[in-house]
>>> print(open('my_file04.cif').read())   # mmCIF, C-alpha atoms
data_upload
#
loop_
_atom_site.group_PDB
_atom_site.id
_atom_site.type_symbol
_atom_site.label_atom_id
_atom_site.label_comp_id
_atom_site.auth_asym_id
_atom_site.auth_seq_id
_atom_site.Cartn_x
_atom_site.Cartn_y
_atom_site.Cartn_z
ATOM 1 C CA MET N 265 -120.558 -61.193 -212.840
ATOM 2 C CA ILE N 266 -120.963 -61.986 -216.542
ATOM 3 C CA GLN N 267 -120.360 -60.010 -219.688
ATOM 4 C CA ILE N 268 -122.323 -56.793 -219.886
ATOM 5 C CA GLN N 269 -124.275 -57.646 -223.038
ATOM 6 C CA ALA N 270 -125.906 -60.602 -221.254
ATOM 7 C CA ALA N 271 -126.203 -59.149 -217.748
ATOM 8 C CA LEU N 272 -129.616 -57.489 -218.138
ATOM 9 C CA PHE N 273 -131.116 -60.698 -219.522
ATOM 10 C CA TRP N 274 -129.755 -62.596 -216.524
ATOM 11 C CA ALA N 275 -131.107 -60.042 -214.059
ATOM 12 C CA TYR N 276 -134.569 -60.225 -215.650
ATOM 13 C CA ALA N 277 -134.496 -64.028 -215.580
ATOM 14 C CA ILE N 278 -133.415 -64.063 -211.930
ATOM 15 C CA GLY N 279 -136.248 -61.723 -210.973
ATOM 16 C CA ALA N 280 -138.804 -63.862 -212.800
ATOM 17 C CA THR N 281 -137.435 -67.063 -211.257
ATOM 18 C CA PHE N 282 -137.515 -65.572 -207.765
ATOM 19 C CA ALA N 283 -141.181 -64.649 -208.274
ATOM 20 C CA MET N 284 -141.993 -68.140 -209.519
ATOM 21 C CA SER N 285 -140.218 -69.708 -206.555
ATOM 22 C CA ALA N 286 -142.225 -67.553 -204.149
ATOM 23 C CA GLY N 287 -145.491 -67.889 -206.072
ATOM 24 C CA ARG N 288 -147.476 -69.318 -203.173
ATOM 25 C CA GLN N 289 -146.183 -66.702 -200.761
ATOM 26 C CA LEU N 290 -147.049 -63.938 -203.217
ATOM 27 C CA GLN N 291 -150.604 -65.217 -203.346
ATOM 28 C CA VAL N 292 -150.754 -64.970 -199.560
ATOM 29 C CA TRP N 293 -149.323 -61.455 -199.782
ATOM 30 C CA GLU N 294 -152.047 -60.541 -202.244
ATOM 31 C CA ARG N 295 -154.622 -61.869 -199.806
ATOM 32 C CA ILE N 296 -153.245 -59.516 -197.158
ATOM 33 C CA ASN N 297 -153.420 -56.603 -199.594
ATOM 34 C CA ALA N 298 -157.007 -57.570 -200.387
ATOM 35 C CA GLY N 299 -157.953 -56.871 -196.799
ATOM 36 C CA GLU N 300 -158.002 -60.401 -195.353
ATOM 37 C CA GLY N 301 -155.500 -59.502 -192.686
ATOM 38 C CA PRO N 302 -153.270 -56.510 -191.834
ATOM 39 C CA ARG N 303 -153.753 -54.079 -194.732
ATOM 40 C CA THR N 304 -150.550 -53.093 -196.555
ATOM 41 C CA ARG N 305 -151.185 -51.480 -199.919
ATOM 42 C CA SER N 306 -147.590 -50.508 -200.637
ATOM 43 C CA ARG N 307 -146.096 -52.905 -203.193
ATOM 44 C CA ALA N 308 -142.658 -51.756 -202.091
ATOM 45 C CA ALA N 309 -143.314 -53.456 -198.761
ATOM 46 C CA ASN N 310 -143.369 -56.854 -200.480
ATOM 47 C CA PRO N 311 -140.439 -58.664 -198.786
ATOM 48 C CA TYR N 312 -139.793 -60.976 -201.737
ATOM 49 C CA LEU N 313 -139.523 -58.084 -204.178
ATOM 50 C CA ALA N 314 -137.279 -56.220 -201.742
ATOM 51 C CA LEU N 315 -134.979 -59.230 -201.368
ATOM 52 C CA THR N 316 -134.846 -59.656 -205.156
ATOM 53 C CA VAL N 317 -133.739 -56.050 -205.665
ATOM 54 C CA LEU N 318 -131.301 -56.379 -202.770
ATOM 55 C CA PHE N 319 -129.786 -59.488 -204.366
ATOM 56 C CA ALA N 320 -129.229 -57.623 -207.624
ATOM 57 C CA ALA N 321 -127.828 -54.513 -205.920
ATOM 58 C CA VAL N 322 -125.535 -56.269 -203.427
ATOM 59 C CA LEU N 323 -124.298 -59.231 -205.496
ATOM 60 C CA LEU N 324 -124.878 -58.744 -209.225
ATOM 61 C CA VAL N 325 -123.821 -55.102 -209.477
ATOM 62 C CA PRO N 326 -120.580 -55.151 -207.414
ATOM 63 C CA THR N 327 -119.261 -58.370 -208.968
ATOM 64 C CA GLY N 328 -120.066 -57.111 -212.457
ATOM 65 C CA LEU N 329 -118.350 -53.782 -211.858
ATOM 66 C CA PHE N 330 -115.306 -55.544 -210.398
ATOM 67 C CA LEU N 331 -114.897 -57.658 -213.534
ATOM 68 C CA LEU N 332 -115.478 -54.599 -215.710
ATOM 69 C CA TRP N 333 -112.670 -52.802 -213.901
ATOM 70 C CA GLN N 334 -110.375 -55.826 -213.789
ATOM 71 C CA ASN N 335 -110.862 -56.863 -217.425
ATOM 72 C CA PRO N 336 -112.820 -54.353 -219.547
ATOM 73 C CA ALA N 337 -112.181 -56.301 -222.748
ATOM 74 C CA TRP N 338 -113.721 -59.549 -221.463
ATOM 75 C CA ALA N 339 -116.551 -57.807 -219.596
ATOM 76 C CA THR N 340 -117.632 -56.006 -222.795
ATOM 77 C CA MET N 341 -117.184 -59.097 -225.009
ATOM 78 C CA HIS N 342 -114.066 -57.379 -226.394
ATOM 79 C CA VAL N 343 -115.933 -54.370 -227.748
ATOM 80 C CA ALA N 344 -113.665 -52.172 -225.588
ATOM 81 C CA ASP N 345 -109.935 -52.826 -225.335
ATOM 82 C CA GLY N 346 -109.454 -51.011 -222.025
ATOM 83 C CA HIS N 347 -110.922 -48.571 -219.531
ATOM 84 C CA GLU N 348 -110.650 -45.685 -221.984
ATOM 85 C CA GLY N 349 -113.015 -47.518 -224.339
ATOM 86 C CA VAL N 350 -115.823 -47.719 -221.765
ATOM 87 C CA TRP N 351 -118.097 -44.677 -221.569
ATOM 88 C CA ALA N 352 -118.770 -43.636 -217.965
ATOM 89 C CA GLY N 353 -122.491 -43.272 -218.628
ATOM 90 C CA PHE N 354 -122.583 -46.869 -219.799
ATOM 91 C CA VAL N 355 -121.212 -47.989 -216.440
ATOM 92 C CA LEU N 356 -123.898 -45.957 -214.692
ATOM 93 C CA PHE N 357 -126.580 -47.518 -216.895
ATOM 94 C CA TYR N 358 -125.214 -50.990 -216.168
ATOM 95 C CA ALA N 359 -125.114 -50.473 -212.391
ATOM 96 C CA GLY N 360 -128.632 -49.062 -212.277
ATOM 97 C CA GLY N 361 -130.055 -51.353 -214.934
ATOM 98 C CA LEU N 362 -129.457 -54.652 -213.140
ATOM 99 C CA PRO N 363 -131.723 -53.963 -210.124
ATOM 100 C CA VAL N 364 -134.352 -52.462 -212.436
ATOM 101 C CA ALA N 365 -134.267 -55.502 -214.736
ATOM 102 C CA ALA N 366 -134.504 -57.875 -211.758
ATOM 103 C CA ALA N 367 -137.468 -55.933 -210.359
ATOM 104 C CA LEU N 368 -139.149 -55.883 -213.778
ATOM 105 C CA GLY N 369 -138.765 -59.636 -214.203
ATOM 106 C CA PHE N 370 -140.134 -60.189 -210.714
ATOM 107 C CA LEU N 371 -143.142 -57.903 -211.195
ATOM 108 C CA VAL N 372 -144.097 -59.373 -214.579
ATOM 109 C CA ALA N 373 -143.881 -62.954 -213.296
ATOM 110 C CA GLN N 374 -145.706 -62.003 -210.091
ATOM 111 C CA ALA N 375 -148.565 -60.432 -212.053
ATOM 112 C CA LEU N 376 -148.914 -63.574 -214.156
ATOM 113 C CA VAL N 377 -148.824 -65.841 -211.099
ATOM 114 C CA LEU N 378 -151.549 -63.846 -209.361
ATOM 115 C CA VAL N 379 -153.948 -63.987 -212.312
ATOM 116 C CA GLY N 380 -153.539 -67.751 -212.616
ATOM 117 C CA ALA N 381 -151.126 -67.718 -215.568
ATOM 118 C CA GLY N 382 -148.273 -69.390 -213.718
ATOM 119 C CA TYR N 383 -147.042 -71.224 -216.802
ATOM 120 C CA TRP N 384 -146.619 -67.924 -218.634
ATOM 121 C CA ALA N 385 -144.680 -66.654 -215.646
ATOM 122 C CA TYR N 386 -142.421 -69.678 -216.062
ATOM 123 C CA LEU N 387 -141.955 -68.737 -219.716
ATOM 124 C CA GLN N 388 -140.557 -65.391 -218.527
ATOM 125 C CA CYS N 389 -137.767 -67.363 -216.844
ATOM 126 C CA VAL N 390 -137.224 -69.454 -219.972
ATOM 127 C CA GLY N 391 -137.130 -66.387 -222.209
ATOM 128 C CA GLY N 392 -134.693 -64.505 -219.987
ATOM 129 C CA TYR N 393 -132.299 -67.412 -219.675
ATOM 130 C CA PHE N 394 -132.572 -68.201 -223.385
ATOM 131 C CA LEU N 395 -131.460 -64.664 -224.235
ATOM 132 C CA LEU N 396 -128.659 -64.947 -221.664
ATOM 133 C CA PHE N 397 -127.333 -68.239 -223.022
ATOM 134 C CA GLY N 398 -127.945 -67.172 -226.612
ATOM 135 C CA THR N 399 -125.759 -64.111 -226.092
ATOM 136 C CA LEU N 400 -122.989 -66.138 -224.495
ATOM 137 C CA VAL N 401 -123.155 -69.051 -226.941
ATOM 138 C CA HIS N 402 -123.832 -67.280 -230.243
ATOM 139 C CA GLY N 403 -123.685 -63.539 -229.683
ATOM 140 C CA TRP N 404 -124.490 -61.046 -232.382
ATOM 141 C CA ASP N 405 -121.902 -62.401 -234.813
ATOM 142 C CA GLY N 406 -121.796 -66.125 -234.108
ATOM 143 C CA ARG N 407 -118.677 -65.796 -231.959
ATOM 144 C CA GLY N 408 -120.261 -65.517 -228.531
ATOM 145 C CA TYR N 409 -118.511 -68.518 -227.009
ATOM 146 C CA GLU N 410 -115.205 -67.386 -228.494
ATOM 147 C CA ARG N 411 -115.578 -64.025 -226.798
ATOM 148 C CA PHE N 412 -116.544 -65.686 -223.502
ATOM 149 C CA LEU N 413 -113.571 -68.083 -223.535
ATOM 150 C CA SER N 414 -111.045 -65.382 -224.492
ATOM 151 C CA PRO N 415 -109.774 -63.684 -221.321
ATOM 152 C CA GLY N 416 -108.030 -60.921 -223.288
ATOM 153 C CA ALA N 417 -108.444 -59.020 -226.548
ATOM 154 C CA ARG N 418 -105.305 -60.656 -227.938
ATOM 155 C CA ASP N 419 -106.655 -64.102 -227.145
ATOM 156 C CA PHE N 420 -109.829 -63.293 -229.023
ATOM 157 C CA ALA N 421 -107.911 -61.857 -231.989
ATOM 158 C CA ARG N 422 -105.879 -65.048 -232.418
ATOM 159 C CA TRP N 423 -108.743 -67.450 -231.707
ATOM 160 C CA ARG N 424 -108.679 -68.974 -235.209
ATOM 161 C CA GLN N 425 -104.937 -69.470 -235.020
ATOM 162 C CA ASP N 426 -104.983 -72.001 -232.198
ATOM 163 C CA SER N 427 -107.040 -74.995 -231.122
ATOM 164 C CA VAL N 428 -110.189 -74.688 -229.034
ATOM 165 C CA VAL N 429 -108.641 -76.915 -226.365
ATOM 166 C CA ASN N 430 -105.715 -74.544 -225.879
ATOM 167 C CA HIS N 431 -108.030 -71.553 -225.665
ATOM 168 C CA VAL N 432 -110.167 -73.306 -223.063
ATOM 169 C CA LEU N 433 -107.089 -74.197 -221.024
ATOM 170 C CA ASP N 434 -105.841 -70.612 -221.222
ATOM 171 C CA PHE N 435 -109.200 -69.365 -220.014
ATOM 172 C CA LEU N 436 -109.344 -71.869 -217.128
ATOM 173 C CA THR N 437 -105.945 -70.708 -215.918
ATOM 174 C CA SER N 438 -106.684 -66.986 -216.217
ATOM 175 C CA GLY N 439 -107.417 -64.497 -213.464
ATOM 176 C CA THR N 440 -110.803 -63.805 -215.055
ATOM 177 C CA PHE N 441 -111.865 -67.418 -214.574
ATOM 178 C CA LEU N 442 -110.620 -67.359 -210.979
ATOM 179 C CA ALA N 443 -112.748 -64.270 -210.322
ATOM 180 C CA LEU N 444 -115.738 -65.962 -211.960
ATOM 181 C CA LEU N 445 -115.197 -69.011 -209.772
ATOM 182 C CA VAL N 446 -115.124 -67.000 -206.562
ATOM 183 C CA PHE N 447 -117.995 -64.706 -207.488
ATOM 184 C CA GLY N 448 -119.988 -67.586 -208.964
ATOM 185 C CA ALA N 449 -119.882 -69.443 -205.675
ATOM 186 C CA ALA N 450 -121.337 -66.392 -203.920
ATOM 187 C CA VAL N 451 -123.814 -65.186 -206.547
ATOM 188 C CA ILE N 452 -125.079 -68.474 -207.992
ATOM 189 C CA GLY N 453 -124.929 -70.215 -204.615
ATOM 190 C CA THR N 454 -127.061 -67.508 -203.002
ATOM 191 C CA MET N 455 -129.411 -67.487 -205.973
ATOM 192 C CA LEU N 456 -130.021 -71.247 -205.864
ATOM 193 C CA LEU N 457 -130.390 -71.343 -202.086
ATOM 194 C CA THR N 458 -132.942 -68.542 -202.275
ATOM 195 C CA GLU N 459 -134.970 -70.199 -205.028
ATOM 196 C CA ILE N 460 -134.949 -73.612 -203.354
ATOM 197 C CA GLY N 461 -135.726 -72.107 -199.960
ATOM 198 C CA TRP N 462 -138.705 -70.165 -201.317
ATOM 199 C CA LEU N 463 -140.003 -73.246 -203.133
ATOM 200 C CA MET N 464 -139.777 -75.278 -199.918
ATOM 201 C CA GLU N 465 -141.449 -72.485 -197.986
ATOM 202 C CA GLY N 466 -144.295 -72.392 -200.513
ATOM 203 C CA TRP N 467 -144.816 -76.144 -200.320
ATOM 204 C CA SER N 468 -145.205 -75.852 -196.553
ATOM 205 C CA LEU N 469 -148.233 -73.527 -196.827
ATOM 206 C CA PRO N 470 -151.680 -75.056 -196.125
ATOM 207 C CA GLY N 471 -153.129 -76.787 -199.178
ATOM 208 C CA ALA N 472 -150.166 -75.995 -201.414
ATOM 209 C CA ASP N 473 -148.171 -79.198 -201.278
ATOM 210 C CA GLU N 474 -150.946 -81.355 -202.719
ATOM 211 C CA ASP N 475 -150.234 -79.876 -206.168
ATOM 212 C CA ARG N 476 -146.739 -81.376 -206.087
ATOM 213 C CA LYS N 477 -146.820 -84.777 -207.786
ATOM 214 C CA VAL N 478 -143.257 -85.980 -207.081
ATOM 215 C CA HIS N 479 -140.756 -86.014 -204.217
ATOM 216 C CA ARG N 480 -139.359 -82.619 -203.267
ATOM 217 C CA VAL N 481 -135.825 -83.458 -204.410
ATOM 218 C CA LEU N 482 -137.095 -84.604 -207.810
ATOM 219 C CA ALA N 483 -139.353 -81.543 -208.037
ATOM 220 C CA ILE N 484 -136.358 -79.261 -207.473
ATOM 221 C CA ALA N 485 -134.372 -81.157 -210.113
ATOM 222 C CA ILE N 486 -137.233 -80.826 -212.620
ATOM 223 C CA ALA N 487 -137.565 -77.121 -211.854
ATOM 224 C CA ALA N 488 -133.825 -76.581 -212.363
ATOM 225 C CA ALA N 489 -133.865 -78.480 -215.662
ATOM 226 C CA GLY N 490 -136.844 -76.446 -216.864
ATOM 227 C CA VAL N 491 -135.454 -73.054 -215.850
ATOM 228 C CA TYR N 492 -131.759 -73.525 -216.731
ATOM 229 C CA GLY N 493 -131.304 -76.676 -218.827
ATOM 230 C CA LEU N 494 -134.091 -76.099 -221.340
ATOM 231 C CA PRO N 495 -133.060 -72.513 -222.251
ATOM 232 C CA PHE N 496 -129.408 -73.567 -222.583
ATOM 233 C CA LEU N 497 -130.382 -76.423 -224.898
ATOM 234 C CA GLY N 498 -132.571 -74.019 -226.841
ATOM 235 C CA ALA N 499 -129.682 -71.568 -227.249
ATOM 236 C CA LEU N 500 -127.472 -74.360 -228.601
ATOM 237 C CA VAL N 501 -130.147 -75.528 -231.056
ATOM 238 C CA ALA N 502 -130.818 -71.971 -232.241
ATOM 239 C CA SER N 503 -127.097 -71.354 -232.756
ATOM 240 C CA VAL N 504 -126.676 -74.579 -234.734
ATOM 241 C CA LEU N 505 -129.670 -73.781 -236.947
ATOM 242 C CA VAL N 506 -128.387 -70.274 -237.654
ATOM 243 C CA ARG N 507 -124.955 -71.650 -238.545
ATOM 244 C CA LEU N 508 -126.385 -74.350 -240.801
ATOM 245 C CA VAL N 509 -129.093 -72.509 -242.735
ATOM 246 C CA GLY N 510 -128.636 -68.850 -241.787
ATOM 247 C CA GLY N 511 -130.622 -66.547 -239.558
ATOM 248 C CA TRP N 512 -133.490 -65.837 -241.974
ATOM 249 C CA ILE N 513 -134.419 -69.526 -242.068
ATOM 250 C CA GLY N 514 -132.896 -70.859 -238.844
ATOM 251 C CA LEU N 515 -134.645 -68.464 -236.456
ATOM 252 C CA PRO N 516 -138.186 -68.995 -237.875
ATOM 253 C CA VAL N 517 -137.630 -72.771 -237.769
ATOM 254 C CA PHE N 518 -136.468 -72.478 -234.176
ATOM 255 C CA ALA N 519 -139.499 -70.321 -233.313
ATOM 256 C CA VAL N 520 -141.832 -73.023 -234.661
ATOM 257 C CA LEU N 521 -140.001 -75.734 -232.715
ATOM 258 C CA SER N 522 -140.142 -73.618 -229.552
ATOM 259 C CA GLY N 523 -143.856 -73.013 -229.987
ATOM 260 C CA VAL N 524 -144.566 -76.719 -230.338
ATOM 261 C CA THR N 525 -142.351 -77.545 -227.352
ATOM 262 C CA LEU N 526 -143.564 -74.833 -224.988
ATOM 263 C CA LEU N 527 -147.058 -73.765 -226.034
ATOM 264 C CA ALA N 528 -148.799 -76.985 -227.036
ATOM 265 C CA ARG N 529 -151.328 -77.984 -224.379
ATOM 266 C CA ARG N 530 -149.974 -81.524 -224.120
ATOM 267 C CA SER N 531 -146.296 -80.654 -224.448
ATOM 268 C CA PRO N 532 -143.859 -82.499 -222.165
ATOM 269 C CA VAL N 533 -142.753 -79.158 -220.716
ATOM 270 C CA ARG N 534 -146.285 -78.354 -219.540
ATOM 271 C CA TRP N 535 -146.564 -81.847 -218.047
ATOM 272 C CA LEU N 536 -143.302 -81.462 -216.137
ATOM 273 C CA TYR N 537 -144.385 -78.012 -214.956
ATOM 274 C CA GLY N 538 -147.473 -79.597 -213.438
ATOM 275 C CA LEU N 539 -145.364 -82.056 -211.426
ATOM 276 C CA VAL N 540 -143.477 -79.386 -209.496
ATOM 277 C CA GLY N 541 -146.477 -77.915 -207.698
ATOM 278 C CA VAL N 542 -146.097 -74.212 -208.461
ATOM 279 C CA PRO N 543 -149.226 -72.021 -208.780
ATOM 280 C CA HIS N 544 -151.343 -72.501 -211.871
ATOM 281 C CA ARG N 545 -154.620 -70.990 -210.656
ATOM 282 C CA HIS N 546 -155.785 -67.517 -209.684
ATOM 283 C CA TRP N 547 -154.797 -66.662 -206.122
ATOM 284 C CA ARG N 548 -158.424 -66.379 -205.025
ATOM 285 C CA ALA N 549 -159.163 -69.907 -206.292
ATOM 286 C CA ASP N 550 -156.246 -71.247 -204.278
ATOM 287 C CA LEU N 551 -157.428 -69.450 -201.164
ATOM 288 C CA ASP N 552 -161.023 -70.620 -201.620
ATOM 289 C CA ARG N 553 -159.816 -74.181 -201.973
ATOM 290 C CA THR N 554 -157.605 -73.812 -198.886
ATOM 291 C CA ALA N 555 -160.551 -72.441 -196.876
ATOM 292 C CA GLU N 556 -162.758 -75.349 -197.966
ATOM 293 C CA SER N 557 -160.037 -77.822 -197.028
ATOM 294 C CA TYR N 558 -159.627 -76.167 -193.649
ATOM 295 C CA GLU N 559 -163.378 -76.217 -192.984
ATOM 296 C CA THR N 560 -163.509 -79.909 -193.910
ATOM 297 C CA GLU N 561 -160.676 -80.690 -191.502
ATOM 298 C CA VAL N 562 -162.388 -78.759 -188.693
ATOM 299 C CA THR N 563 -165.704 -80.500 -189.332
ATOM 300 C CA SER N 564 -164.017 -83.914 -189.341
ATOM 301 C CA ALA N 565 -162.207 -83.118 -186.093
ATOM 302 C CA ARG N 566 -165.449 -82.054 -184.401
ATOM 303 C CA SER N 567 -167.233 -85.177 -185.582
ATOM 304 C CA ALA N 568 -164.463 -87.369 -184.212
#
>>> encode(input="my_file04.cif", output="structure tokens")
Amino acid sequence: MIQIQAALFWAYAIGATFAMSAGRQLQVWERINAGEGPRTRSRAANPYLALTVLFAAVLLVPTGLFLLWQNPAWATMHVADGHEGVWAGFVLFYAGGLPVAAALGFLVAQALVLVGAGYWAYLQCVGGYFLLFGTLVHGWDGRGYERFLSPGARDFARWRQDSVVNHVLDFLTSGTFLALLVFGAAVIGTMLLTEIGWLMEGWSLPGADEDRKVHRVLAIAIAAAGVYGLPFLGALVASVLVRLVGGWIGLPVFAVLSGVTLLARRSPVRWLYGLVGVPHRHWRADLDRTAESYETEVTSARSA
């Protein structure tokens, strides 16, 4: 649904975010695979992974290919002027790469969630979305947003000859934007409903909701800001730094700022992450705590 150069980053980020949203359920699934219930060793039988791949194959791939066919110049960030400039093997790689990238993001985040490194799983989401927004905002030549807001190759070629406002208006009245609007409602709407639904489902599991420190609506808002807002802000800051002082200085400065913001033990991002109530312990620790809580409730009920 977006330009090809950013699509794989988006697919990876979606897969990681889906795994984070279903973190509690994945811990339960791991319990089943560990033998505490019906034994199912096949990882392919994981319903959350299957739905993630299905999302990429049914929504991301067809909408992306439609835009590539409708407007090859925009879909390739104006690297190709028309269909003849797009290699057929590249289309095959794009169509197959999106489900693979989504599955990879899911599996990496799932592995981190299950070993108790939930925050690092969250950083997979941040990294994927940062690369997505960085490509769209800055690109490889500092003209990413110009390429995104230019529906045709001619529009991009004459970008410097007209005002930004006129270019934005031209883009908003183009067929490409209309297609993005329609596809965005389906793709992004389904994506958000899935993530919110899986979060709500996880909070309903025994012993899980006590980790959530704020109301569910506020928790969802914090999660959205952390997954989407923070990477977008980071992409803007990185682009500004590169434009002001160049890439050799701007990117290292941005890396230091990102490390302080994301990796410091008492960073505000870590604190906000703790409010949402997503897994931050090993799955066995969560299950042991749930069992103890259940035994306490049973004992109290018998005593009463």
>>> atom_distance(input="my_file04.cif", atom1="CA of Gly408 (chain N)", atom2="CA of Leu500 (chain N)")
11.4 Å
>>> residues_around(input="my_file04.cif", residues="region 411-416 of chain N", least_positions_apart="2", cutoff="6 Å", atoms="all atoms listed in the file", output="list in words")
Trp338, Met341, Gly408, Tyr409, Arg418, Asp419, Phe420 and Phe435 of chain N
>>> residues_around(input="my_file04.cif", residues="Ala352 (chain N)", least_positions_apart="4", cutoff="12 Å", atoms="all atoms listed in the file", output="tab-separated table (two decimals) with C-alpha atoms, in the coordinates of the input")
chain	number	residue	atom	x	y	z
N	329	LEU	CA	-118.35	-53.78	-211.86
N	332	LEU	CA	-115.48	-54.60	-215.71
N	333	TRP	CA	-112.67	-52.80	-213.90
N	347	HIS	CA	-110.92	-48.57	-219.53
N	348	GLU	CA	-110.65	-45.68	-221.98
N	356	LEU	CA	-123.90	-45.96	-214.69
N	357	PHE	CA	-126.58	-47.52	-216.90
N	358	TYR	CA	-125.21	-50.99	-216.17
N	359	ALA	CA	-125.11	-50.47	-212.39
>>> closest_residue(input="my_file04.cif", among="N:Val504, N:Ala365, N:Leu444, N:Val350", to="Leu272 (chain N)", atoms="all atoms listed in the file")
N:Ala365
>>> closest_residue(input="my_file04.cif", among="N:Leu323, N:Leu331, N:Ala283, N:Leu433", to="Ile452 (chain N)", atoms="all atoms listed in the file")
N:Leu323
>>> resolve_selection(input="my_file04.cif", expression="the PyMOL selection byres ((chain N and resi 540) around 9)", output="number ranges by chain")
N: 475-480, 482-484, 486-487, 536-539, 541-542
>>> closest_atom_pairs(input="my_file04.cif", of="region 375-445 of chain N", to="region 508-526 of chain N", cutoff="10 Å", atoms="all atoms listed in the file", output="CSV")
residue,atom,partner,partner_atom,distance
N:Tyr383,CA,N:Leu526,CA,9.6
N:Trp384,CA,N:Leu526,CA,9.9
N:Leu387,CA,N:Leu526,CA,8.2
N:Val390,CA,N:Leu526,CA,9.7
>>> resolve_selection(input="my_file04.cif", expression="the PyMOL selection byres ((chain N and resi 369) around 9)", output="PyMOL selection string")
chain N and resi 275-283+364-368+370-374+388-389+392
>>> atom_distance(input="my_file04.cif", atom1="CA of Gln267 (chain N)", atom2="CA of Val429 (chain N)")
21.6 Å
>>> closest_residue(input="my_file04.cif", among="N:Tyr386, N:Ala485, N:Phe496, N:Ser468", to="Leu527 (chain N)", atoms="all atoms listed in the file")
N:Tyr386
>>> atom_distance(input="my_file04.cif", atom1="CA of His546 (chain N)", atom2="CA of Val379 (chain N)")
4.8 Å
>>> residues_around(input="my_file04.cif", residues="Arg507 (chain N)", least_positions_apart="6", cutoff="10 Å", atoms="all atoms listed in the file", output="list in words")
His402, Gly406, Val501 and Gly514 of chain N
>>> write_last_selection(input="my_file04.cif", atoms="C-alpha atoms", output="PDB file, keeping the file's coordinate frame")
ATOM      1  CA  HIS N 402    -123.832 -67.280-230.243  1.00  0.00           C
ATOM      2  CA  GLY N 406    -121.796 -66.125-234.108  1.00  0.00           C
ATOM      3  CA  VAL N 501    -130.147 -75.528-231.056  1.00  0.00           C
ATOM      4  CA  GLY N 514    -132.896 -70.859-238.844  1.00  0.00           C
TER       5      GLY N 514
END
>>> closest_atom_pairs(input="my_file04.cif", of="region 435-537 of chain N", to="region 287-293 of chain N", cutoff="8 Å", atoms="all atoms listed in the file", output="JSON lines")
{"residue": "N:Glu465", "atom": "CA", "partner": "N:Gln289", "partner_atom": "CA", "distance": 8.0}
{"residue": "N:Gly466", "atom": "CA", "partner": "N:Arg288", "partner_atom": "CA", "distance": 5.2}
{"residue": "N:Trp467", "atom": "CA", "partner": "N:Arg288", "partner_atom": "CA", "distance": 7.9}
{"residue": "N:Leu469", "atom": "CA", "partner": "N:Arg288", "partner_atom": "CA", "distance": 7.7}
{"residue": "N:Ala472", "atom": "CA", "partner": "N:Arg288", "partner_atom": "CA", "distance": 7.4}
>>> closest_residue(input="my_file04.cif", among="N:Val401, N:Leu362, N:Ile268, N:Gly493", to="Leu318 (chain N)", atoms="all atoms listed in the file")
N:Leu362
>>> closest_residue(input="my_file04.cif", among="N:Gly490, N:Gly328, N:Pro311, N:Gly461", to="Ser285 (chain N)", atoms="all atoms listed in the file")
N:Gly461
>>> closest_residue(input="my_file04.cif", among="N:Asn430, N:Thr399, N:Phe319, N:Arg422", to="Pro363 (chain N)", atoms="all atoms listed in the file")
N:Phe319
>>> axis_aligned_box(input="my_file04.cif", around="region 340-355 of chain N", padding_each_side="8 Å", output="JSON")
{"center_x": -116.0, "center_y": -51.2, "center_z": -222.1, "size_x": 29.1, "size_y": 31.8, "size_z": 27.3}
